[in-house]
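J.: Pasting a structure below so you can have a look.
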Amino acid sequence: MESLDRGRRVAGLGLVVLVVAGGLTACSGDSGGDGAGASAGASQAAGGGTYTIWDPYPQFDDSSDWVKLLTQCGTQAGVTVKRTGYDTTDLTNKALLAAQQGNSPDVLIVDNPVVSTLADAGVLTSTDETKIDTSAVSPNLLAAGQLGGKTYGIPIGANTLALYYNSDVLKKAGVDAASVKDWASLTAALEKVKAAGKKGITFSAIGTEEGSFQFLPWFWGSGAQLTKLDSPEGVAALSLWTDWLKKGYAPNSVINNTQTTSWQEFATGDFAFAENGTWQLANAKKTGFPYGIIPIPAKDGGTAPAPTGGEFVSMPVQKDTARYATTQKLVTCLTSTDNSLTTTTTLSYIAPTEQVQAKQVEQNPELKVWVEAVKAAKGRTSDNLGTKYPKISEPMWKAMQAALSGSQPPQEALTAAQSAAASATQ
Amino acid sequence: MKHATQTPAPAAARDRREPAPGRGAGSTRRRPARRSGQWAAWAFLVPVVVYLLVFYAYPLYRNVDLSLRNYTVRSFVQGDAPFTGLANYAKVVRDATFGPALWHTVVFTVVSLAFQFTIGLALAVFFVRNFRLSATLRALFLVPWLLPLIVSSSTWSWMLDSESGVVNATLKAMGLGPVNWLTSPDWSLWSVTIANIWIGIPFNLVVLYSGLQAIPSHIYEAAALDGAGGWQRFRRVTFPLLRPVSAITLLLGLVYTLKVFDIIWIMTKGGPSDASTTLATWSYRLGFGNLLPSFGPGAAVGNLLIVIALVFGLVYIRAQRRQVGA
């Protein structure tokens with residue numbers, strides 16, 4: 001009986017295994033089916049069909065101008081557009097998974113530093129392949145989407161960083177915002193503000209990409225290059241921040257500040273300056289104190305190149321290349337000069353082309369300083385850094401945190417960062 | 001939630017021993033119906049087994065697979081990552097972050113458990129004597145547990161903010177200097193540990209409280225008659241009789257604390273410069289915290305955490321068995 005019992009048990013176990021294996025193959029069969037479904041849909045697309053668009057703007061629903069524009073572009077191209085909005089950080093992973101499963105969207109609107117990573121993974125088509133005209137776009141913006149001489153998308157708009165200032169605080173401290181032209185004059189201004197009993201400057205130096213994004217205008221503004229983090233220029237930039245913290249010109253909380261919490265500090269009205277982006281413009285009007293905006297000064301004067309933010313419209317690789325023709329119409333519609341003004345206004349971006357930038361300033365003179373800043377801006381993945389950038393950025397923000405929290409002096413922190421970056425990018 | 005369903009485990013284990021002889025007798029009597037009964041039993045079992053395989057075994061297998069291959073973004077998409085054996089593990093262990101992260105994990109877990117357990121036990125002993133409003137008070141103590149972690153950790157990070165936090169404001173009012181709770185490498189690990197202790201107390205309180213209620217009162221009465229004072233009753237009666245419940249509480253607490261991620265990530269992101277990085281946050285940062293994910297090493301760190309938890313699980317089972325044997 002014992003052996004019989006065991007026999008049954010084995011049989012039962014075998015059954016379970018079979019059922020499970022069946023379930024698994026059914027699953028994989030399903031995904032195969034999905035692929036077939038997608039390509040069947042693709043062949044119908046010649047006469048209409050549905051085209052999918054993924055964007056990182058979940059704040060817009062179907063009644064928004066943005067989605068209306070997408071629908072309208074679809075109608076013009078003679079197809080139905082199915083749009084899904086994802087959270088920015090989520091979108092990269094979603095796009096990678098979709099590419100792995102072979103069901104990428106037709107149009108992917110994605111944050112610019114991610115473009116080179118996706119392109120390197122073979123997820124995106126180049127603009128040569130899909131015949132998208134990028135000639136009107138400012139080269140400094142386009143560079144973020146270029147890898148090995150090819151361009152993998154077209155910017156939909158750009159934003160960047162500048163210095164907001166609180167006019168009341170500056171007046172009380174006897175500082176003229178126009179006098180801030182280089183690091184020395186900025187530091188002098190901060191000293192006066194502190195002497196007047198107010199707080200100097202707030203920024204975000206958090207240990208993520210956000211911190212690197214905020215540090216770059218100072219790093220580049222000193223003349224340093226990302227390929228050599230521990231150059232004297234780079235050390236000067238980090239020392240500038242570290243000294244501000246030591247002297248109390250910037251609060252210690254910057255080490256943990258995101259750009260949002262840094263903005264909240266500025267919104268209290270105690271701070272003279274805040275380093276923040278175009279996207280806070282609407283919030284600046286709500287703070288209840290007079291404010292102004294100046295470009296971030298470079299070390300010895302002039303405007304420092306700030307990193308560009310904003311998304312690229314890209315076309316992921318499809319099995320059915322016949323879809324590209326229609327997709328190209330959609331992309332061109334979204335980025336055409338006529339629609340660019342609508343798009344950038346809706347998304348509160350600065351346009352990627354000079355022609356539209358001029359129109360924007362005409363409509364809203366307040367944007368002038370931002371247009372200047374965008375012109376001086378630089379893509380993080382530019383200079384053909386591409387996928388090397390993230391491997392440099394991480395050691396850089398670590399060094400930044402080490403120096404600001406006082407665990408290492410700037411020179412030492414950056415030397416360590418440079419050797420980490422060098423071994424990671426080899 | 002998961003903890004609540006697992007806690008009666010020791011009691012169930014004890015019950016199972018007793019009816020065992022009876023079951024054999026029953027099965028011989030029901031022999032004709034047995035075959036169909038077996039099939040039915042398997043049919044009932046299949047959904048659970050399928051569920052376990054799909055949602056537990058397969059992800060675990062994938063994670064092990066992920067940690068044994070050299071994944072880049074490119075090979076992730078193309079699905080042709082080369083098998084590299086234990087290279088990811090070697091890389092992770094040799095990484096400069098590994099030593100500090102492991103040490104932080106140990107400190108975070110041990111300190112959290114010690115305080116959670118002590119305070120939880122003290123509160124449980126306090127609440128076991130019923131008094132007016134004791135139920136209400138006990139319910140209030142559950143609040144930290146019921147709050148979504150993102151809410152409680154964001155609140156902690158506001159309270160501990162060095163610029164505008166209420167803690168520093170209080171210190172200032174008391175004439176003490178401000179402490180950079182979240183931004184100083186000397187303090188950030190303590191800050192997240194304090195927050196974690198606060199969150200973990202209710203769990204310890206609830207489980208130990210129910211354990212205390214299971215101790216028959218006549219034992220206390222007998223001890224009192226024998227002349228045992230309050231402390232002696234606690235030491236000689238409560239503590240030994242609570243041992244099985246304490247063991248499972250500590251084990252569950254350990255597993256739970258080892259993998260704490262959200263509190264640390266929300267409060268400090270593991271910073272400044274890795275000062276509060278534990279294995280859990282490091283694993284996340286490797287996999288998702290960078291523009292360029294390194295899935296392989298991330299999965300390797302995750303697996304190391306699973307192994308550590310498993311080792312303690314085995315130690316627990318071993319101890320349990322010895323106790324039952326004795």
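Here's how to read the names in the structure tokens: chain A, B, ... by the order shown, residue numbers from 1 in each chain, ligand numbers from 1 in the order shown.
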Applying 8 Å and only C-alpha atoms, which residues near stretch 307-324 of chain B remain after dropping the ones on its own chain fewer than 2 positions away? List them as a list in words.
T.: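 Once the nearby chain positions are removed, what remains is Pro244, Ala247, Ile248, Leu251, Leu254, Val255, Leu258, Asn303, Leu304, Leu305 and Ala326 of chain B.
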J.: With a cut-off of 8 Å and counting only C-alpha atoms, select all residues of chain A in contact with chain B and give the selection as JSON, numbers by chain.
T.: {"A": [12, 16, 20, 96, 97, 99, 100, 113, 114, 117, 118, 120, 121, 122, 123, 207, 208, 209, 251, 252, 253, 255, 256, 387, 390, 391, 394, 398, 399, 401, 402, 405, 406, 407]}
J.: Can you pull out every residue within 7 Å of stretch 103-108 of chain B, counting only C-alpha atoms, but drop anything in the same chain fewer than 4 positions away, and send it as a list of chain:residue names?
T.: B:Gly99, B:Ser112, B:Thr193, B:Leu258, B:Ser276, B:Thr277, B:Thr278, B:Leu279
J.: Would you export the selected residues with C-alpha atoms as a CSV table (one decimal), in the first residue's frame, please?
T.:
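After the write, result-v1.csv holds the following:
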```
chain,number,residue,atom,x,y,z
B,99,GLY,CA,31.1,46.5,2.9
B,112,SER,CA,15.5,48.2,14.8
B,193,THR,CA,16.4,53.6,12.0
B,258,LEU,CA,16.1,43.3,6.0
B,276,SER,CA,22.4,55.1,4.9
B,277,THR,CA,22.6,52.7,2.0
B,278,THR,CA,21.5,49.2,2.9
B,279,LEU,CA,21.6,46.1,0.7
```
J.: Find the spatial neighbours of B:Trp145, counting only C-alpha atoms, within a cut-off of 8 Å - ignore same-chain residues fewer than 5 positions away - and output them as an NGL selection string.
T.: :B and (199-200 or 202-203)
J.: Would you mind exporting C-alpha atoms of the selected residues as a PDB file, in the first residue's frame?
T.:
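Saved file again.pdb follows:
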```pdb
ATOM      1  CA  ILE B 199       6.763  51.939  12.250  1.00  0.00           C
ATOM      2  CA  GLY B 200       7.607  48.471  13.578  1.00  0.00           C
ATOM      3  CA  PRO B 202       2.689  48.188  16.474  1.00  0.00           C
ATOM      4  CA  PHE B 203       3.452  44.867  14.819  1.00  0.00           C
TER       5      PHE B 203
END
```
J.: Report, in Å to a single decimal, how far apart atom CA of A:Gly85 and atom CA of A:Gln72 are.
T.: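 Here the two named atoms are 17.2 Å from each other.
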J.: From the options A:Gly145, A:Pro56, A:Pro365, A:Pro305, which residue's atoms come nearest to A:Gly223, counting only C-alpha atoms?
T.: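 The closest residue to A:Gly223 is A:Pro305.
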J.: Could you tell me how far atom CA of A:Lys181 sits from atom CA of A:Gly302, in Å to one decimal place?
T.: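 A separation of 6.7 Å between them.
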J.: Nearest residue to A:Ala119 out of A:Gln357, A:Gln328, A:Thr151, A:Ser138, using only C-alpha atoms?
T.: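 That would be A:Thr151, the residue with the smallest distance to A:Ala119.
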J.: Among stretch 93-243 of chain B, which ones does DSSP assign to alpha helix (DSSP H) (computed from the backbone)? Answer as a count of residues only.
T.: 107
J.: Excluding stretch 171-179 of chain A and any residue of its chain fewer than 4 positions from it, enumerate the residues within 10 Å of it, using only C-alpha atoms, and give them as JSON, numbers by chain.
T.: {"A": [165, 166, 167, 185, 186, 188, 189, 190, 191, 192, 193, 194, 195, 196, 197, 198, 272, 273, 292, 293, 294]}
J.: Only C-alpha atoms, please: the residues just picked out, written as a PDB file, in the first residue's frame.
T.:
```
ATOM      1  CA  TYR A 165      15.430  85.670  -7.316  1.00  0.00           C
ATOM      2  CA  ASN A 166      13.205  87.252  -4.724  1.00  0.00           C
ATOM      3  CA  SER A 167      13.232  91.003  -5.404  1.00  0.00           C
ATOM      4  CA  SER A 185      29.586  88.735  -7.718  1.00  0.00           C
ATOM      5  CA  LEU A 186      27.032  86.042  -6.904  1.00  0.00           C
ATOM      6  CA  ALA A 188      29.280  88.631  -2.790  1.00  0.00           C
ATOM      7  CA  ALA A 189      25.521  89.042  -3.195  1.00  0.00           C
ATOM      8  CA  LEU A 190      24.888  85.960  -1.036  1.00  0.00           C
ATOM      9  CA  GLU A 191      27.159  87.387   1.650  1.00  0.00           C
ATOM     10  CA  LYS A 192      25.145  90.608   1.732  1.00  0.00           C
ATOM     11  CA  VAL A 193      21.883  88.683   1.895  1.00  0.00           C
ATOM     12  CA  LYS A 194      23.123  86.657   4.826  1.00  0.00           C
ATOM     13  CA  ALA A 195      24.335  89.797   6.575  1.00  0.00           C
ATOM     14  CA  ALA A 196      20.816  91.215   6.138  1.00  0.00           C
ATOM     15  CA  GLY A 197      19.440  88.221   8.057  1.00  0.00           C
ATOM     16  CA  LYS A 198      17.970  86.378   5.087  1.00  0.00           C
ATOM     17  CA  ALA A 272      17.256  85.379  -2.215  1.00  0.00           C
ATOM     18  CA  PHE A 273      18.019  82.911  -5.025  1.00  0.00           C
ATOM     19  CA  GLY A 292      12.922  87.872 -11.372  1.00  0.00           C
ATOM     20  CA  ILE A 293      15.011  85.437 -13.356  1.00  0.00           C
ATOM     21  CA  ILE A 294      18.645  85.646 -14.388  1.00  0.00           C
TER      22      ILE A 294
END
```
J.: Can you work out which one of A:Leu216, A:Ala325, A:Ala158, A:Leu108 has the shortest atom-to-atom distance to A:Leu124, counting only C-alpha atoms?
T.: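 Looking only at the distances to A:Leu124, the closest residue turns out to be A:Leu108.
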J.: Can you tell me, as a list of chain:residue names, what residues are no more than 12 Å from B:Ala87 when counting only C-alpha atoms, ignoring any on the same chain fewer than 4 positions away?
T.: B:Leu66, B:Ser67, B:Leu68, B:Arg69, B:Asn70, B:Tyr71, B:Pro82, B:Phe83, B:Lys91, B:Val92, B:Val93, B:Arg94, B:Gly296, B:Pro297, B:Ala300
J.: How would the residues just picked look written out with C-alpha atoms as a PDB file, in the first residue's frame?
T.:
```pdb
ATOM      1  CA  LEU B  66      19.167  37.717 -14.207  1.00  0.00           C
ATOM      2  CA  SER B  67      21.972  37.672 -11.652  1.00  0.00           C
ATOM      3  CA  LEU B  68      23.948  35.061 -13.580  1.00  0.00           C
ATOM      4  CA  ARG B  69      24.000  36.908 -16.887  1.00  0.00           C
ATOM      5  CA  ASN B  70      25.680  40.044 -18.094  1.00  0.00           C
ATOM      6  CA  TYR B  71      22.656  42.203 -18.882  1.00  0.00           C
ATOM      7  CA  PRO B  82      25.707  35.996 -22.147  1.00  0.00           C
ATOM      8  CA  PHE B  83      25.895  33.635 -19.169  1.00  0.00           C
ATOM      9  CA  LYS B  91      31.557  42.311  -8.873  1.00  0.00           C
ATOM     10  CA  VAL B  92      29.037  43.186  -6.194  1.00  0.00           C
ATOM     11  CA  VAL B  93      31.113  41.796  -3.338  1.00  0.00           C
ATOM     12  CA  ARG B  94      34.235  43.586  -4.551  1.00  0.00           C
ATOM     13  CA  GLY B 296      22.550  41.765 -13.203  1.00  0.00           C
ATOM     14  CA  PRO B 297      24.325  43.211 -10.137  1.00  0.00           C
ATOM     15  CA  ALA B 300      22.640  39.613  -7.354  1.00  0.00           C
TER      16      ALA B 300
END
```
J.: Enter the distance from atom CA of A:Gly102 to atom CA of A:Phe60, in Å, rounded to one decimal.
T.: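 Straight-line distance from atom CA of A:Gly102 to atom CA of A:Phe60 works out to 27.1 Å.
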J.: Give me the residues within 10 Å of stretch 260-266 of chain A as a JSON list (two decimals) with C-alpha atoms, in the first residue's frame, counting only C-alpha atoms and dropping any in the same chain fewer than 3 places off.
T.:
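Contents of the output file part_13.json:
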```
[["chain", "number", "residue", "atom", "x", "y", "z"],
["A", 164, "TYR", "CA", 15.00, 82.82, -9.76],
["A", 165, "TYR", "CA", 15.43, 85.67, -7.32],
["A", 166, "ASN", "CA", 13.20, 87.25, -4.72],
["A", 199, "LYS", "CA", 18.93, 83.11, 3.46],
["A", 200, "GLY", "CA", 21.12, 82.97, 0.38],
["A", 201, "ILE", "CA", 20.44, 80.35, -2.24],
["A", 202, "THR", "CA", 18.72, 77.01, -2.50],
["A", 203, "PHE", "CA", 19.24, 74.24, -5.01],
["A", 204, "SER", "CA", 18.93, 70.48, -5.26],
["A", 205, "ALA", "CA", 22.01, 68.36, -4.57],
["A", 251, "PRO", "CA", 21.12, 75.58, 3.73],
["A", 253, "SER", "CA", 19.02, 70.72, 3.45],
["A", 254, "VAL", "CA", 20.15, 71.06, -0.19],
["A", 256, "ASN", "CA", 18.49, 66.04, 0.43],
["A", 257, "ASN", "CA", 16.50, 68.52, -1.68],
["A", 269, "GLY", "CA", 10.07, 83.95, 0.78],
["A", 270, "ASP", "CA", 13.21, 83.77, 2.92],
["A", 271, "PHE", "CA", 15.63, 82.92, 0.14],
["A", 272, "ALA", "CA", 17.26, 85.38, -2.21],
["A", 273, "PHE", "CA", 18.02, 82.91, -5.02],
["A", 274, "ALA", "CA", 16.84, 79.51, -6.20],
["A", 275, "GLU", "CA", 18.21, 77.41, -9.01],
["A", 276, "ASN", "CA", 15.22, 75.95, -10.78],
["A", 277, "GLY", "CA", 13.65, 75.27, -14.12],
["A", 280, "GLN", "CA", 8.29, 76.50, -12.08],
["A", 283, "ASN", "CA", 4.30, 78.48, -9.58],
["A", 284, "ALA", "CA", 6.51, 81.57, -9.35],
["A", 287, "THR", "CA", 4.41, 82.81, -4.49],
["B", 163, "GLU", "CA", 16.20, 73.66, 7.56],
["B", 164, "SER", "CA", 12.53, 73.73, 8.52]]
```
